[in-house]
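Quick notes on the structure that follows.
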Amino acid sequence: MRLHRFYISEVVGNKTELTINSADLANQIHRVFRLKKGDLIVVFDGSGSDYECSIADFSRETISLNVISVRRSHYMPIRDVYLYAAVVKKDTFEWIVEKATELGVTHIIPVMAERSEKKSLNEGRLKKIAVEASEQSGRGNVPTILPIRSLKEALDSKDGFELIAFHTDAPALSRSGLDKNVSLGLFIGPEGGWSADEVDMFHSHEIQLVSLGNQVLRSETAVVATLSVVMFGN
């Protein structure tokens, strides 16, 4: 039987016993999953290892575990991929965070575009969704969710990695030009695409503009399609 898997912020390292101070986790284990003393679970701390543990004790706010064994997590991203996703409506953006986490993105940066319909997001909820997606997918770490920023702020804060912006009127992406060992930043626009001023901004920052073909994709479809090509296409 597959064991329930949980993310913890405490570094496990070589510890054989853990006491985790988290009312949310204690409630989830005890009341949601109905687990009890002696039951086995798996925890991971973002280091790339999964720790099989037995439940020693729990209260309303803490849970005590005995570490039984350690193994490598099923999946760890092999490079940093920064997803600069234009802010779209709440449910859609939450879905984007979930799928981007499953596909191996390491950083998710919401970008306020000219055509963004929504102007705010619940950062705490997005982080919770990323944790749950990492737990479910067997991923060994959790992506970083950064606060919303403008496109100008995103472009001005680039930090030495390659940036690509996806735009329907641009040439098709060449898979052979993607080095899977190089950190990469990907800009995905909102419904209706990037505005003319935003395209000019990409040009002024010498950002490569590419497309996935002739189809006009919804934002969430473009994210999954783009990440599938970048993460698994070469």
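Letters A, B, ... go to the chains of the structure tokens in the order shown; residues in each chain start at 1; ligands are counted from 1 in the same order.
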Can you tell me, as a list in words, what residues are no more than 10 Å from Glu198 of chain A when counting only C-alpha atoms, ignoring any on the same chain fewer than 6 positions away?
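Residues near the query, excluding close chain neighbours: Ala113, Glu114, Leu151, Lys152, Gly189 and Ser204 of chain A.
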With DSSP run on the backbone, what are the helix (DSSP H, G or I) residues within segment 44-205 of chain A? I'd like them as JSON, numbers by chain.
{"A": [90, 91, 92, 93, 94, 95, 96, 97, 98, 99, 100, 101, 102, 103, 123, 124, 125, 126, 127, 128, 129, 130, 131, 132, 133, 134, 135, 136, 137, 151, 152, 153, 154, 155, 156, 175, 176, 177, 196, 197, 198, 199, 200, 201, 202, 203, 204]}
Residues from the last selection, N, CA and C atoms, saved as a compact mmCIF listing (two decimals), in the first residue's frame:
```txt
# COMPACT_ATOMS: atom_id res chain seq x y z
N LYS A 90 -8.35 33.45 -10.55
CA LYS A 90 -7.85 32.71 -9.40
C LYS A 90 -7.77 31.20 -9.63
N ASP A 91 -8.86 30.57 -10.03
CA ASP A 91 -8.87 29.11 -10.17
C ASP A 91 -7.87 28.66 -11.23
N THR A 92 -7.77 29.41 -12.30
CA THR A 92 -6.84 29.06 -13.37
C THR A 92 -5.40 29.17 -12.90
N PHE A 93 -5.09 30.24 -12.17
CA PHE A 93 -3.71 30.40 -11.72
C PHE A 93 -3.34 29.33 -10.71
N GLU A 94 -4.27 28.95 -9.86
CA GLU A 94 -4.00 27.87 -8.90
C GLU A 94 -3.72 26.57 -9.64
N TRP A 95 -4.46 26.32 -10.72
CA TRP A 95 -4.23 25.12 -11.53
C TRP A 95 -2.84 25.18 -12.17
N ILE A 96 -2.44 26.38 -12.63
CA ILE A 96 -1.11 26.56 -13.21
C ILE A 96 -0.02 26.22 -12.19
N VAL A 97 -0.18 26.68 -10.96
CA VAL A 97 0.80 26.40 -9.90
C VAL A 97 0.88 24.90 -9.66
N GLU A 98 -0.25 24.24 -9.59
CA GLU A 98 -0.27 22.79 -9.36
C GLU A 98 0.48 22.04 -10.46
N LYS A 99 0.15 22.33 -11.71
CA LYS A 99 0.77 21.60 -12.83
C LYS A 99 2.24 21.97 -13.01
N ALA A 100 2.58 23.23 -12.80
CA ALA A 100 3.98 23.64 -12.91
C ALA A 100 4.82 22.94 -11.85
N THR A 101 4.26 22.76 -10.67
CA THR A 101 4.97 22.03 -9.61
C THR A 101 5.19 20.59 -10.02
N GLU A 102 4.17 19.94 -10.52
CA GLU A 102 4.29 18.55 -10.95
C GLU A 102 5.32 18.39 -12.07
N LEU A 103 5.44 19.39 -12.91
CA LEU A 103 6.34 19.31 -14.06
C LEU A 103 7.76 19.75 -13.75
N GLU A 123 -1.21 34.42 -1.91
CA GLU A 123 0.10 33.79 -1.95
C GLU A 123 0.17 32.58 -1.02
N GLY A 124 -0.46 32.69 0.16
CA GLY A 124 -0.45 31.57 1.09
C GLY A 124 -1.12 30.34 0.52
N ARG A 125 -2.23 30.54 -0.15
CA ARG A 125 -2.93 29.41 -0.75
C ARG A 125 -2.10 28.80 -1.90
N LEU A 126 -1.45 29.65 -2.68
CA LEU A 126 -0.61 29.13 -3.77
C LEU A 126 0.52 28.26 -3.22
N LYS A 127 1.12 28.68 -2.11
CA LYS A 127 2.19 27.89 -1.49
C LYS A 127 1.65 26.55 -1.00
N LYS A 128 0.45 26.56 -0.45
CA LYS A 128 -0.17 25.32 0.03
C LYS A 128 -0.42 24.36 -1.15
N ILE A 129 -0.87 24.90 -2.27
CA ILE A 129 -1.12 24.08 -3.46
C ILE A 129 0.20 23.48 -3.96
N ALA A 130 1.27 24.28 -3.94
CA ALA A 130 2.58 23.77 -4.38
C ALA A 130 3.07 22.65 -3.47
N VAL A 131 2.85 22.78 -2.16
CA VAL A 131 3.24 21.73 -1.22
C VAL A 131 2.46 20.45 -1.52
N GLU A 132 1.15 20.58 -1.68
CA GLU A 132 0.32 19.40 -1.92
C GLU A 132 0.68 18.72 -3.24
N ALA A 133 0.99 19.51 -4.26
CA ALA A 133 1.38 18.93 -5.55
C ALA A 133 2.72 18.21 -5.44
N SER A 134 3.64 18.75 -4.65
CA SER A 134 4.93 18.09 -4.43
C SER A 134 4.74 16.79 -3.67
N GLU A 135 3.89 16.81 -2.67
CA GLU A 135 3.60 15.60 -1.90
C GLU A 135 3.03 14.50 -2.79
N GLN A 136 2.08 14.88 -3.63
CA GLN A 136 1.39 13.91 -4.47
C GLN A 136 2.27 13.34 -5.57
N SER A 137 3.14 14.19 -6.13
CA SER A 137 3.90 13.79 -7.32
C SER A 137 5.20 13.05 -7.00
N LEU A 151 5.81 43.35 -15.14
CA LEU A 151 6.72 42.80 -16.15
C LEU A 151 8.05 43.52 -16.11
N LYS A 152 8.02 44.84 -15.94
CA LYS A 152 9.27 45.61 -15.87
C LYS A 152 10.12 45.14 -14.69
N GLU A 153 9.49 44.94 -13.53
CA GLU A 153 10.23 44.47 -12.36
C GLU A 153 10.83 43.09 -12.61
N ALA A 154 10.06 42.23 -13.27
CA ALA A 154 10.55 40.88 -13.56
C ALA A 154 11.76 40.93 -14.49
N LEU A 155 11.69 41.77 -15.51
CA LEU A 155 12.79 41.87 -16.47
C LEU A 155 14.01 42.54 -15.85
N ASP A 156 13.78 43.52 -14.99
CA ASP A 156 14.90 44.23 -14.38
C ASP A 156 15.62 43.37 -13.34
N ARG A 175 13.69 23.09 -30.28
CA ARG A 175 14.08 22.27 -29.13
C ARG A 175 15.59 22.08 -29.07
N SER A 176 16.22 22.05 -30.23
CA SER A 176 17.67 21.81 -30.25
C SER A 176 18.44 22.96 -29.62
N GLY A 177 17.78 24.11 -29.48
CA GLY A 177 18.47 25.26 -28.90
C GLY A 177 18.37 25.32 -27.39
N ALA A 196 1.31 45.10 -27.31
CA ALA A 196 2.39 45.59 -28.17
C ALA A 196 3.50 46.24 -27.34
N ASP A 197 3.11 46.99 -26.30
CA ASP A 197 4.11 47.63 -25.44
C ASP A 197 4.95 46.58 -24.70
N GLU A 198 4.31 45.50 -24.28
CA GLU A 198 5.04 44.45 -23.57
C GLU A 198 5.99 43.71 -24.50
N VAL A 199 5.56 43.49 -25.74
CA VAL A 199 6.45 42.88 -26.74
C VAL A 199 7.66 43.79 -26.97
N ASP A 200 7.42 45.09 -27.06
CA ASP A 200 8.52 46.04 -27.21
C ASP A 200 9.48 45.97 -26.02
N MET A 201 8.91 45.76 -24.83
CA MET A 201 9.73 45.66 -23.62
C MET A 201 10.64 44.43 -23.69
N PHE A 202 10.10 43.31 -24.18
CA PHE A 202 10.93 42.11 -24.36
C PHE A 202 12.07 42.40 -25.34
N HIS A 203 11.73 43.07 -26.44
CA HIS A 203 12.75 43.40 -27.43
C HIS A 203 13.84 44.29 -26.81
N SER A 204 13.42 45.29 -26.04
CA SER A 204 14.39 46.23 -25.47
C SER A 204 15.32 45.55 -24.47
```
List every residue of segment 113-184 of chain A that has an atom at most 10 Å from any atom of segment 49-61 of chain A, and for each one report the closest atom pair and its distance in Å to one decimal, counting only C-alpha atoms, with rows sorted by chain and then by increasing residue number, as CSV.
```
residue,atom,partner,partner_atom,distance
A:Gly138,CA,A:Asp50,CA,8.9
A:Arg139,CA,A:Asp50,CA,9.4
A:Gly140,CA,A:Ser49,CA,6.2
A:Asn141,CA,A:Ser49,CA,8.9
```
Could you jot down the atom CA of Arg115 of chain A to atom CA of Gln208 of chain A separation for me, Å, one decimal place?
20.7 Å
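With atom CA of Leu3 of chain A on one side and atom CA of Leu40 of chain A on the other, the separation reads 6.8 Å.
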Give me, as a ChimeraX atom specification, all polymer residues having an atom no more than 12 Å from Tyr84 of chain A, counting only C-alpha atoms and skipping those fewer than 6 positions away in the same chain.
/A:93,96-97,100,105-113,145-155,157-158,163-166,184-190,219,223,227
Listing only residues of segment 62-164 of chain A within 6 Å of segment 11-28 of chain A, what is the closest atom pair and its distance in Å (to one decimal) for each, using only C-alpha atoms, sorted by chain and residue number ascending, as a tab-separated table?
```
residue	atom	partner	partner_atom	distance
A:Thr62	CA	A:Asn21	CA	4.5
A:Ile63	CA	A:Ile20	CA	5.3
A:Ser64	CA	A:Thr19	CA	4.4
A:Leu65	CA	A:Leu18	CA	5.0
A:Asn66	CA	A:Glu17	CA	4.6
A:Val67	CA	A:Thr16	CA	4.8
```
Between atom CA of Phe44 of chain A and atom CA of Val32 of chain A, what is the distance in Å, rounded to a tenth?
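These atoms are spaced 19.3 Å apart.
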Out of A:Leu35, A:Leu217, A:Ile8, A:Val210, which residue has the shortest atom-to-atom distance to Ser174 of chain A when counting only C-alpha atoms?
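Answer, going by the shortest atom-to-atom distance: A:Val210.
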Hey, what's within 7 Å of Arg5 of chain A if we count only C-alpha atoms and toss same-chain stuff fewer than 4 positions away? As a PyMOL selection string, please?
chain A and resi 41-43+135
May I have the residues from that selection written out with C-alpha atoms, as an mmCIF file, in the first residue's frame?
```cif
data_model
loop_
_atom_site.group_PDB
_atom_site.id
_atom_site.type_symbol
_atom_site.label_atom_id
_atom_site.label_comp_id
_atom_site.auth_asym_id
_atom_site.auth_seq_id
_atom_site.Cartn_x
_atom_site.Cartn_y
_atom_site.Cartn_z
ATOM 1 C CA ILE A 41 4.067 7.696 6.740
ATOM 2 C CA VAL A 42 6.695 9.325 4.508
ATOM 3 C CA VAL A 43 8.022 12.838 5.111
ATOM 4 C CA GLU A 135 3.598 15.596 -1.898
#
```
Would you list, as a ChimeraX atom specification, the residues of chain A that end up in strand (DSSP E) under DSSP run on this structure's backbone?
/A:5-7,17-21,40-44,49-58,62-72,81-86,107-112,144-145,149-150,162-166,184-188,208-210
May I have the residues within 10 Å of Asn181 of chain A as a ChimeraX atom specification, using only C-alpha atoms and disregarding those fewer than 4 positions away in the same chain?
/A:78-80
Which of these residues is nearest to Leu209 of chain A, using only C-alpha atoms: A:Pro77, A:Pro171, A:Gly192, A:Gly160?
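Closest to Leu209 of chain A of all the choices is A:Pro171.
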